Amino acid sequence: MVSSGLPASGMPASGLPVSRVPDSLDAPALRWGIMGPGWIAERFTESVQAHSRQVIAAVGSRSLDRSKAFAEAFGVPAAYGSYEELAAAPDIDIVYVCTPHNFHHAAAVLAIDAGNHVLIEKPIGLNAAQTRDIAARAKAAGVFAAEAMWSFFLPKFDVIRQVLDAGTLGTVTTVLAEYGEHFERSHRIFDAALAGGPLLDLGTYPLALITEVLGAPERLSAFGQHHESGVNAQLSAIMQFPGGSQALMNTHLHNFTPTAATIVGSEATLTIDGPFNMPGGFEIRFPDGTRLRHNEASGGHLEGLHYEAAAVARAIAAGETETRQRPLASSIRTMEVADEIRRQVGIEFPGEGNAPA
């Protein structure tokens, strides 16, 4: 994985490094504007209000009633009835874009053009072209931009970074990652008009892990399964990387899976407890039977989203325009792989015709 660039720390009795992620309460406070008050916006707000000093200062929706309801529920002082009004609001430092997937690019561009820093819910765009466009616009405007791939901001992933950087696993030969969930038929994941299917909702997690550990594949073969709703139901991909390393990815909307991830090296194997993308532990096993265990309380979105908000606040306070945990180049690389999977399987999303080339 990409090195976090954070200062080194000591080693506990377990023989593993300790997390270098600071307490979220120590991060400087930013005034956040929520663009799109849906489920993930609620979880983000709950998390930062409970575990950090970040301030949810405003919320914007295409429905003023929805904005007002969100503001009332979470004690947010300002509510706006359009994304444009939120982007132009004087009482925010950064916009958290959490609209449906197919609006991420347009919403991010709106916020950037108004001079705002942006944190964009994953996936950062529908494709690599949209992601590159966001990166270029943010650079030209001199504002911060990042994808809210919250897993990489968790303490356990900082420990995993240190393990990989130290060469503890030896040469990484294989990464296995999967993510499946059950959804009620009314869920937006079955809506083709909202870029439904498992790839952008679930598949970005295993793809992000694979590309973070191994980089960009040189060969990829993908397989898809159709769902009666018109979206893709299941995707699998096998990838080969320079040097011969391989990866396997599966994602689907049929039912819950362990959501497991394993990184195999020539010297040891690292297995992340499922769900691998949420707070929790992992174990390293060596051929001689030695095991090193990292224990971390398991949890869901409420327990982890504040880490990304705090990291963003620290980066902006330091004058940085990206995060070290999820730089834009990494987001682009992941979306390039997703694009190739879609090309092979034949998945198209609405609105891409308006995307930059």
# chains A, B, ... in the order shown; residues from 1 in each chain; ligands from 1

call {"tool": "residues_around", "arguments": {"residues": "Arg326 of chain A", "least_positions_apart": "4", "cutoff": "9 Å", "atoms": "only C-alpha atoms", "output": "PDB file with N, CA, C and O atoms, in the first residue's frame"}}
result
ATOM      1  N   VAL A   2       0.294   2.339  -0.440  1.00  0.00           N
ATOM      2  CA  VAL A   2       1.019   3.598  -0.457  1.00  0.00           C
ATOM      3  C   VAL A   2       1.348   4.015   0.966  1.00  0.00           C
ATOM      4  O   VAL A   2       0.508   3.961   1.863  1.00  0.00           O
ATOM      5  N   ALA A 146     -10.636  15.033  -2.511  1.00  0.00           N
ATOM      6  CA  ALA A 146     -10.324  13.646  -2.185  1.00  0.00           C
ATOM      7  C   ALA A 146     -11.586  12.809  -2.275  1.00  0.00           C
ATOM      8  O   ALA A 146     -12.703  13.310  -2.158  1.00  0.00           O
ATOM      9  N   GLU A 147     -11.367  11.509  -2.470  1.00  0.00           N
ATOM     10  CA  GLU A 147     -12.449  10.533  -2.452  1.00  0.00           C
ATOM     11  C   GLU A 147     -12.622  10.012  -1.037  1.00  0.00           C
ATOM     12  O   GLU A 147     -11.640   9.682  -0.365  1.00  0.00           O
ATOM     13  N   ALA A 148     -13.855   9.913  -0.588  1.00  0.00           N
ATOM     14  CA  ALA A 148     -14.139   9.455   0.769  1.00  0.00           C
ATOM     15  C   ALA A 148     -14.132   7.928   0.840  1.00  0.00           C
ATOM     16  O   ALA A 148     -15.124   7.297   1.212  1.00  0.00           O
ATOM     17  N   MET A 149     -12.990   7.328   0.481  1.00  0.00           N
ATOM     18  CA  MET A 149     -12.802   5.894   0.656  1.00  0.00           C
ATOM     19  C   MET A 149     -12.379   5.671   2.100  1.00  0.00           C
ATOM     20  O   MET A 149     -11.216   5.508   2.442  1.00  0.00           O
ATOM     21  N   TRP A 150     -13.381   5.696   2.977  1.00  0.00           N
ATOM     22  CA  TRP A 150     -13.158   5.849   4.414  1.00  0.00           C
ATOM     23  C   TRP A 150     -12.335   4.730   5.035  1.00  0.00           C
ATOM     24  O   TRP A 150     -11.653   4.941   6.035  1.00  0.00           O
ATOM     25  N   PHE A 152      -9.559   3.377   4.202  1.00  0.00           N
ATOM     26  CA  PHE A 152      -8.123   3.603   4.234  1.00  0.00           C
ATOM     27  C   PHE A 152      -7.702   4.594   5.310  1.00  0.00           C
ATOM     28  O   PHE A 152      -6.498   4.779   5.538  1.00  0.00           O
ATOM     29  N   PHE A 153      -8.661   5.236   5.951  1.00  0.00           N
ATOM     30  CA  PHE A 153      -8.353   6.180   7.022  1.00  0.00           C
ATOM     31  C   PHE A 153      -8.448   5.524   8.407  1.00  0.00           C
ATOM     32  O   PHE A 153      -8.118   6.153   9.405  1.00  0.00           O
ATOM     33  N   GLU A 322      -4.476  17.221  -1.155  1.00  0.00           N
ATOM     34  CA  GLU A 322      -4.905  15.829  -1.245  1.00  0.00           C
ATOM     35  C   GLU A 322      -4.628  15.148   0.094  1.00  0.00           C
ATOM     36  O   GLU A 322      -3.922  15.698   0.938  1.00  0.00           O
ATOM     37  N   SER A 330      -4.615   7.460  -6.866  1.00  0.00           N
ATOM     38  CA  SER A 330      -5.112   6.142  -6.482  1.00  0.00           C
ATOM     39  C   SER A 330      -6.578   5.980  -6.861  1.00  0.00           C
ATOM     40  O   SER A 330      -7.002   4.905  -7.313  1.00  0.00           O
ATOM     41  N   SER A 331      -7.368   7.037  -6.680  1.00  0.00           N
ATOM     42  CA  SER A 331      -8.774   6.989  -7.070  1.00  0.00           C
ATOM     43  C   SER A 331      -8.906   6.802  -8.580  1.00  0.00           C
ATOM     44  O   SER A 331      -9.747   6.020  -9.048  1.00  0.00           O
TER      45      SER A 331
END

call {"tool": "residues_around", "arguments": {"residues": "Val163 of chain A", "least_positions_apart": "6", "cutoff": "8 Å", "atoms": "only C-alpha atoms", "output": "PDB file with N, CA and C atoms, in the first residue's frame"}}
result
ATOM      1  N   LEU A  16       3.608  -6.304  16.143  1.00  0.00           N
ATOM      2  CA  LEU A  16       3.118  -5.497  15.043  1.00  0.00           C
ATOM      3  C   LEU A  16       3.289  -4.014  15.358  1.00  0.00           C
ATOM      4  N   PRO A  17       3.381  -3.176  14.349  1.00  0.00           N
ATOM      5  CA  PRO A  17       3.419  -1.731  14.600  1.00  0.00           C
ATOM      6  C   PRO A  17       2.125  -1.269  15.247  1.00  0.00           C
ATOM      7  N   LEU A 169       5.587  -9.281   4.782  1.00  0.00           N
ATOM      8  CA  LEU A 169       4.960 -10.367   4.031  1.00  0.00           C
ATOM      9  C   LEU A 169       5.867 -10.904   2.928  1.00  0.00           C
TER      10      LEU A 169
END

call {"tool": "residues_around", "arguments": {"residues": "segment 44-46 of chain A", "least_positions_apart": "6", "cutoff": "9 Å", "atoms": "only C-alpha atoms", "output": "JSON list (two decimals) with N, CA, C and O atoms, in the first residue's frame"}}
result
[["chain", "number", "residue", "atom", "x", "y", "z"],
["A", 34, "ILE", "N", -23.02, 19.75, 3.77],
["A", 34, "ILE", "CA", -23.45, 18.45, 3.28],
["A", 34, "ILE", "C", -24.25, 18.64, 1.99],
["A", 34, "ILE", "O", -25.30, 19.28, 1.99],
["A", 55, "VAL", "N", -17.52, 20.56, 12.35],
["A", 55, "VAL", "CA", -18.81, 21.23, 12.48],
["A", 55, "VAL", "C", -19.61, 21.04, 11.19],
["A", 55, "VAL", "O", -19.15, 21.40, 10.10],
["A", 56, "ILE", "N", -20.78, 20.45, 11.30],
["A", 56, "ILE", "CA", -21.69, 20.39, 10.16],
["A", 56, "ILE", "C", -22.46, 21.71, 10.15],
["A", 56, "ILE", "O", -23.37, 21.92, 10.95],
["A", 74, "PHE", "N", -30.16, 17.05, 13.07],
["A", 74, "PHE", "CA", -28.76, 17.03, 13.50],
["A", 74, "PHE", "C", -28.26, 18.38, 14.01],
["A", 74, "PHE", "O", -27.06, 18.54, 14.24],
["A", 301, "HIS", "N", -20.24, 2.05, 10.13],
["A", 301, "HIS", "CA", -19.92, 3.38, 9.65],
["A", 301, "HIS", "C", -19.83, 4.42, 10.78],
["A", 301, "HIS", "O", -18.99, 5.30, 10.76],
["A", 302, "LEU", "N", -20.69, 4.29, 11.79],
["A", 302, "LEU", "CA", -20.70, 5.28, 12.87],
["A", 302, "LEU", "C", -19.35, 5.33, 13.56],
["A", 302, "LEU", "O", -18.87, 6.39, 13.95],
["A", 304, "GLY", "N", -16.38, 4.71, 12.30],
["A", 304, "GLY", "CA", -15.19, 4.95, 11.50],
["A", 304, "GLY", "C", -15.14, 6.17, 10.61],
["A", 304, "GLY", "O", -14.06, 6.59, 10.22],
["A", 305, "LEU", "N", -16.27, 6.77, 10.28],
["A", 305, "LEU", "CA", -16.26, 7.85, 9.30],
["A", 305, "LEU", "C", -15.54, 9.11, 9.78],
["A", 305, "LEU", "O", -15.07, 9.90, 8.97],
["A", 306, "HIS", "N", -15.46, 9.29, 11.08],
["A", 306, "HIS", "CA", -14.81, 10.49, 11.60],
["A", 306, "HIS", "C", -13.32, 10.53, 11.29],
["A", 306, "HIS", "O", -12.73, 11.61, 11.21],
["A", 309, "ALA", "N", -12.77, 12.43, 8.04],
["A", 309, "ALA", "CA", -13.03, 13.86, 8.21],
["A", 309, "ALA", "C", -11.87, 14.53, 8.94],
["A", 309, "ALA", "O", -11.43, 15.63, 8.57]]

call {"tool": "residues_around", "arguments": {"residues": "Val143 of chain A", "least_positions_apart": "5", "cutoff": "9 Å", "atoms": "only C-alpha atoms", "output": "ChimeraX atom specification"}}
result
/A:112,115-118,137-138,316,320-322

call {"tool": "select_by_dssp", "arguments": {"residues": "segment 186-262 of chain A", "states": "strand (DSSP E)", "output": "PyMOL selection string"}}
result
chain A and resi 219-226+232-240+246-252+261-262

call {"tool": "closest_residue", "arguments": {"among": "A:Leu220, A:Arg66, A:Ser52, A:Phe144", "to": "Ala318 of chain A", "atoms": "only C-alpha atoms"}}
result
A:Phe144
